[in-house]
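What follows is a set of notes on a single structure, which appears directly below.
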Amino acid sequence: MELTLTLNGKKMSRLIEPGVLLLDFLRGEGCCSVKRGCETSNCGLCTVFLDDVPVLSCSILAARVQGRRVTTLEGLRQEAEELATFIAAQGAEQCGFCNPGFMMNAIALLREKEEPTVEEIRAYLAGNLCRCSGYEGQLRGILAFIEWRKKKRGGAQ
């Protein structure tokens with residue numbers, strides 16, 4: 001079947017098999033940030049934006065994104081760079097395997113809420129599995145980024 005979508009801002013059409021997962025389609029298109037982890041929709045490694053909403057690409061057939069917008073971390077490079085610096089500064093990137101899923105969900109949260117509470121951050125990131133850290137580094141990095149962004153926008157008193 002022919003699949004037409006917008007991937008990372010570029011409209012494209014590809015012939016696909018009807019049963020191919022979005023995850024596999026994206027990997028085939030060179031989107032290395034989208035990773036296979038648990039194969040049970042529990043780890044968050046395959047998180048992408050579908051029409052700006054975070055979804056697990058391992059749980060969606062590629063055919064279901066016909067005519068829609070899919071964004072991977074590659075498509076958010078500029079937006080992600082500043083946040084990634086703060087997470088890395090906290091040592092939270094350790095092996096780096098979970099980082100793309102964390103970044104996608106953190107970006108989604110920060111687009112939705114400029115200054116989320118610690119509880120809101122934890123709730124939003126709960127579906128991301130990290131085996132290296134205790135999630136505290138990611139939390140500290142996100143909180144430091146929020147403070148920096150607030151000062152940058154002139155919101156500091």
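Residue numbering restarts at 1 in every chain; chains get A, B, ... in the order shown in the structure tokens, and ligands count up from 1 in that same order.
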Which residues of region 36-97 of chain A sit at most 10 Å from region 136-143 of chain A, using only C-alpha atoms? Give each one's shortest atom pair and distance in Å (one decimal place), in chain and ascending residue order, as a Markdown table.
```
| residue | atom | partner | partner_atom | distance |
| --- | --- | --- | --- | --- |
| A:Leu83 | CA | A:Ile142 | CA | 7.1 |
| A:Ala84 | CA | A:Gly141 | CA | 8.2 |
| A:Thr85 | CA | A:Gly141 | CA | 8.3 |
| A:Phe86 | CA | A:Gly141 | CA | 4.8 |
| A:Ile87 | CA | A:Gly141 | CA | 4.2 |
| A:Ala88 | CA | A:Gly141 | CA | 7.5 |
| A:Ala89 | CA | A:Gly141 | CA | 7.1 |
| A:Gln90 | CA | A:Gly137 | CA | 5.2 |
| A:Gly91 | CA | A:Gly137 | CA | 6.3 |
| A:Ala92 | CA | A:Gly137 | CA | 4.7 |
| A:Glu93 | CA | A:Gln138 | CA | 8.1 |
| A:Gln94 | CA | A:Gly137 | CA | 9.9 |
```
Include N, CA and C atoms and write out the residues we just selected as a PDB file, in the first residue's frame.
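That gives us out39.pdb:
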```pdb
ATOM      1  N   LEU A  83      17.562  21.642  26.044  1.00  0.00           N
ATOM      2  CA  LEU A  83      17.117  20.748  27.119  1.00  0.00           C
ATOM      3  C   LEU A  83      18.125  19.632  27.344  1.00  0.00           C
ATOM      4  N   ALA A  84      18.656  19.057  26.278  1.00  0.00           N
ATOM      5  CA  ALA A  84      19.615  17.956  26.391  1.00  0.00           C
ATOM      6  C   ALA A  84      20.860  18.376  27.157  1.00  0.00           C
ATOM      7  N   THR A  85      21.279  19.617  26.978  1.00  0.00           N
ATOM      8  CA  THR A  85      22.451  20.124  27.687  1.00  0.00           C
ATOM      9  C   THR A  85      22.234  20.079  29.195  1.00  0.00           C
ATOM     10  N   PHE A  86      21.046  20.441  29.631  1.00  0.00           N
ATOM     11  CA  PHE A  86      20.748  20.451  31.063  1.00  0.00           C
ATOM     12  C   PHE A  86      20.650  19.033  31.618  1.00  0.00           C
ATOM     13  N   ILE A  87      20.093  18.122  30.860  1.00  0.00           N
ATOM     14  CA  ILE A  87      19.989  16.730  31.312  1.00  0.00           C
ATOM     15  C   ILE A  87      21.382  16.102  31.382  1.00  0.00           C
ATOM     16  N   ALA A  88      22.206  16.371  30.375  1.00  0.00           N
ATOM     17  CA  ALA A  88      23.569  15.836  30.369  1.00  0.00           C
ATOM     18  C   ALA A  88      24.388  16.402  31.523  1.00  0.00           C
ATOM     19  N   ALA A  89      24.173  17.669  31.853  1.00  0.00           N
ATOM     20  CA  ALA A  89      24.918  18.297  32.949  1.00  0.00           C
ATOM     21  C   ALA A  89      24.646  17.619  34.290  1.00  0.00           C
ATOM     22  N   GLN A  90      23.529  16.933  34.394  1.00  0.00           N
ATOM     23  CA  GLN A  90      23.181  16.220  35.617  1.00  0.00           C
ATOM     24  C   GLN A  90      23.662  14.761  35.585  1.00  0.00           C
ATOM     25  N   GLY A  91      24.356  14.381  34.515  1.00  0.00           N
ATOM     26  CA  GLY A  91      24.837  13.008  34.388  1.00  0.00           C
ATOM     27  C   GLY A  91      23.731  12.013  34.093  1.00  0.00           C
ATOM     28  N   ALA A  92      22.616  12.492  33.608  1.00  0.00           N
ATOM     29  CA  ALA A  92      21.447  11.639  33.413  1.00  0.00           C
ATOM     30  C   ALA A  92      21.440  10.925  32.079  1.00  0.00           C
ATOM     31  N   GLU A  93      22.475  11.164  31.254  1.00  0.00           N
ATOM     32  CA  GLU A  93      22.467  10.510  29.954  1.00  0.00           C
ATOM     33  C   GLU A  93      23.177   9.168  29.976  1.00  0.00           C
ATOM     34  N   GLN A  94      23.881   8.857  31.011  1.00  0.00           N
ATOM     35  CA  GLN A  94      24.695   7.656  31.183  1.00  0.00           C
ATOM     36  C   GLN A  94      24.844   6.811  29.925  1.00  0.00           C
TER      37      GLN A  94
END
```
Would you mind listing, for every residue of region 19-46 of chain A within 7 Å of region 59-64 of chain A, the two atoms forming the shortest contact and the distance between them in Å to one decimal, using only C-alpha atoms, sorted by chain and ascending residue number, as a Markdown table?
```
| residue | atom | partner | partner_atom | distance |
| --- | --- | --- | --- | --- |
| A:Gly19 | CA | A:Leu61 | CA | 6.4 |
| A:Val20 | CA | A:Leu61 | CA | 5.9 |
| A:Leu21 | CA | A:Leu61 | CA | 4.3 |
| A:Leu22 | CA | A:Ala62 | CA | 4.1 |
| A:Phe25 | CA | A:Ala62 | CA | 6.6 |
| A:Ser41 | CA | A:Ser59 | CA | 6.5 |
```
Output N, CA and C atoms for every residue in the selection just made, as a PDB file, in the first residue's frame.
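Saved file result.pdb follows:
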```pdb
ATOM      1  N   GLY A  19       1.138  -4.536   7.344  1.00  0.00           N
ATOM      2  CA  GLY A  19       1.332  -4.856   8.765  1.00  0.00           C
ATOM      3  C   GLY A  19       2.571  -4.272   9.398  1.00  0.00           C
ATOM      4  N   VAL A  20       3.299  -3.386   8.697  1.00  0.00           N
ATOM      5  CA  VAL A  20       4.525  -2.836   9.253  1.00  0.00           C
ATOM      6  C   VAL A  20       4.207  -1.834  10.364  1.00  0.00           C
ATOM      7  N   LEU A  21       4.959  -1.940  11.448  1.00  0.00           N
ATOM      8  CA  LEU A  21       4.790  -1.006  12.566  1.00  0.00           C
ATOM      9  C   LEU A  21       5.411   0.342  12.221  1.00  0.00           C
ATOM     10  N   LEU A  22       4.858   1.390  12.787  1.00  0.00           N
ATOM     11  CA  LEU A  22       5.409   2.724  12.581  1.00  0.00           C
ATOM     12  C   LEU A  22       6.875   2.753  13.006  1.00  0.00           C
ATOM     13  N   PHE A  25       8.954   1.323  10.224  1.00  0.00           N
ATOM     14  CA  PHE A  25       8.949   2.251   9.094  1.00  0.00           C
ATOM     15  C   PHE A  25       9.916   3.400   9.354  1.00  0.00           C
ATOM     16  N   SER A  41       5.070  -2.016  24.731  1.00  0.00           N
ATOM     17  CA  SER A  41       4.527  -0.662  24.912  1.00  0.00           C
ATOM     18  C   SER A  41       4.676  -0.149  26.331  1.00  0.00           C
TER      19      SER A  41
END
```
Write down as a ChimeraX atom specification the residues of chain A whose backbone DSSP state falls under helix (DSSP H, G or I). /A:22-28,57-59,62-65,73-89,99-112,118-124,136-152
Saved selection, atoms kept: C-alpha atoms, as a PDB file, in the first residue's frame:
```
ATOM      1  CA  LEU A  22       5.409   2.724  12.581  1.00  0.00           C
ATOM      2  CA  LEU A  23       8.594   2.043  14.580  1.00  0.00           C
ATOM      3  CA  ASP A  24      10.001  -0.169  11.817  1.00  0.00           C
ATOM      4  CA  PHE A  25       8.949   2.251   9.094  1.00  0.00           C
ATOM      5  CA  LEU A  26      10.689   5.143  10.866  1.00  0.00           C
ATOM      6  CA  ARG A  27      13.873   3.138  11.461  1.00  0.00           C
ATOM      7  CA  GLY A  28      13.849   2.248   7.765  1.00  0.00           C
ATOM      8  CA  SER A  57       5.425   3.965  17.578  1.00  0.00           C
ATOM      9  CA  CYS A  58       5.744   0.271  18.479  1.00  0.00           C
ATOM     10  CA  SER A  59       1.981   0.147  19.033  1.00  0.00           C
ATOM     11  CA  ALA A  62       2.386   2.701   9.834  1.00  0.00           C
ATOM     12  CA  ALA A  63      -0.786   2.596   7.720  1.00  0.00           C
ATOM     13  CA  ARG A  64      -2.628   4.397  10.552  1.00  0.00           C
ATOM     14  CA  VAL A  65      -0.579   7.561  10.026  1.00  0.00           C
ATOM     15  CA  LEU A  73      13.674  13.593  17.820  1.00  0.00           C
ATOM     16  CA  GLU A  74      15.598  14.190  14.585  1.00  0.00           C
ATOM     17  CA  GLY A  75      12.860  16.634  13.621  1.00  0.00           C
ATOM     18  CA  LEU A  76      13.148  18.453  16.955  1.00  0.00           C
ATOM     19  CA  ARG A  77      16.905  18.824  16.974  1.00  0.00           C
ATOM     20  CA  GLN A  78      16.988  22.576  17.636  1.00  0.00           C
ATOM     21  CA  GLU A  79      14.268  22.445  20.284  1.00  0.00           C
ATOM     22  CA  ALA A  80      15.935  19.497  21.997  1.00  0.00           C
ATOM     23  CA  GLU A  81      19.506  20.776  22.083  1.00  0.00           C
ATOM     24  CA  GLU A  82      19.090  23.199  24.979  1.00  0.00           C
ATOM     25  CA  LEU A  83      17.117  20.748  27.119  1.00  0.00           C
ATOM     26  CA  ALA A  84      19.615  17.956  26.391  1.00  0.00           C
ATOM     27  CA  THR A  85      22.451  20.124  27.687  1.00  0.00           C
ATOM     28  CA  PHE A  86      20.748  20.451  31.063  1.00  0.00           C
ATOM     29  CA  ILE A  87      19.989  16.730  31.312  1.00  0.00           C
ATOM     30  CA  ALA A  88      23.569  15.836  30.369  1.00  0.00           C
ATOM     31  CA  ALA A  89      24.918  18.297  32.949  1.00  0.00           C
ATOM     32  CA  ASN A  99      17.263   9.626  26.214  1.00  0.00           C
ATOM     33  CA  PRO A 100      15.249  10.022  22.988  1.00  0.00           C
ATOM     34  CA  GLY A 101      12.027   8.835  24.658  1.00  0.00           C
ATOM     35  CA  PHE A 102      12.669  11.030  27.697  1.00  0.00           C
ATOM     36  CA  MET A 103      13.414  14.004  25.486  1.00  0.00           C
ATOM     37  CA  MET A 104      10.272  13.535  23.385  1.00  0.00           C
ATOM     38  CA  ASN A 105       8.053  13.341  26.456  1.00  0.00           C
ATOM     39  CA  ALA A 106       9.821  16.190  28.246  1.00  0.00           C
ATOM     40  CA  ILE A 107       9.394  18.403  25.168  1.00  0.00           C
ATOM     41  CA  ALA A 108       5.712  17.469  24.987  1.00  0.00           C
ATOM     42  CA  LEU A 109       5.261  18.330  28.654  1.00  0.00           C
ATOM     43  CA  LEU A 110       7.098  21.654  28.359  1.00  0.00           C
ATOM     44  CA  ARG A 111       5.025  22.600  25.332  1.00  0.00           C
ATOM     45  CA  GLU A 112       1.904  21.911  27.357  1.00  0.00           C
ATOM     46  CA  VAL A 118       7.765  18.045  40.191  1.00  0.00           C
ATOM     47  CA  GLU A 119       4.721  15.775  40.489  1.00  0.00           C
ATOM     48  CA  GLU A 120       3.549  16.707  36.981  1.00  0.00           C
ATOM     49  CA  ILE A 121       6.996  16.018  35.542  1.00  0.00           C
ATOM     50  CA  ARG A 122       7.175  12.628  37.254  1.00  0.00           C
ATOM     51  CA  ALA A 123       3.681  11.706  36.087  1.00  0.00           C
ATOM     52  CA  TYR A 124       4.389  12.741  32.503  1.00  0.00           C
ATOM     53  CA  GLU A 136      16.548  11.973  39.572  1.00  0.00           C
ATOM     54  CA  GLY A 137      19.163  13.282  37.145  1.00  0.00           C
ATOM     55  CA  GLN A 138      16.559  13.701  34.423  1.00  0.00           C
ATOM     56  CA  LEU A 139      14.257  15.444  36.899  1.00  0.00           C
ATOM     57  CA  ARG A 140      17.036  17.802  38.060  1.00  0.00           C
ATOM     58  CA  GLY A 141      17.952  18.543  34.449  1.00  0.00           C
ATOM     59  CA  ILE A 142      14.364  19.383  33.510  1.00  0.00           C
ATOM     60  CA  LEU A 143      13.930  21.579  36.585  1.00  0.00           C
ATOM     61  CA  ALA A 144      17.210  23.408  35.854  1.00  0.00           C
ATOM     62  CA  PHE A 145      16.099  23.916  32.250  1.00  0.00           C
ATOM     63  CA  ILE A 146      12.761  25.356  33.407  1.00  0.00           C
ATOM     64  CA  GLU A 147      14.551  27.806  35.721  1.00  0.00           C
ATOM     65  CA  TRP A 148      17.002  28.815  32.992  1.00  0.00           C
ATOM     66  CA  ARG A 149      14.202  29.300  30.476  1.00  0.00           C
ATOM     67  CA  LYS A 150      12.255  31.391  32.983  1.00  0.00           C
ATOM     68  CA  LYS A 151      15.274  33.653  33.566  1.00  0.00           C
ATOM     69  CA  LYS A 152      15.936  33.858  29.835  1.00  0.00           C
TER      70      LYS A 152
END
```
List every residue of chain A that DSSP, applied to the backbone of this structure, assigns to strand (DSSP E or B), and report them as a PyMOL selection string. chain A and resi 2-7+10-15+21+47-50+53-56+61+69-71
What does the distance between CA of Leu3 (chain A) and CA of Ser33 (chain A) come to in Å, to one decimal place? 21.1 Å
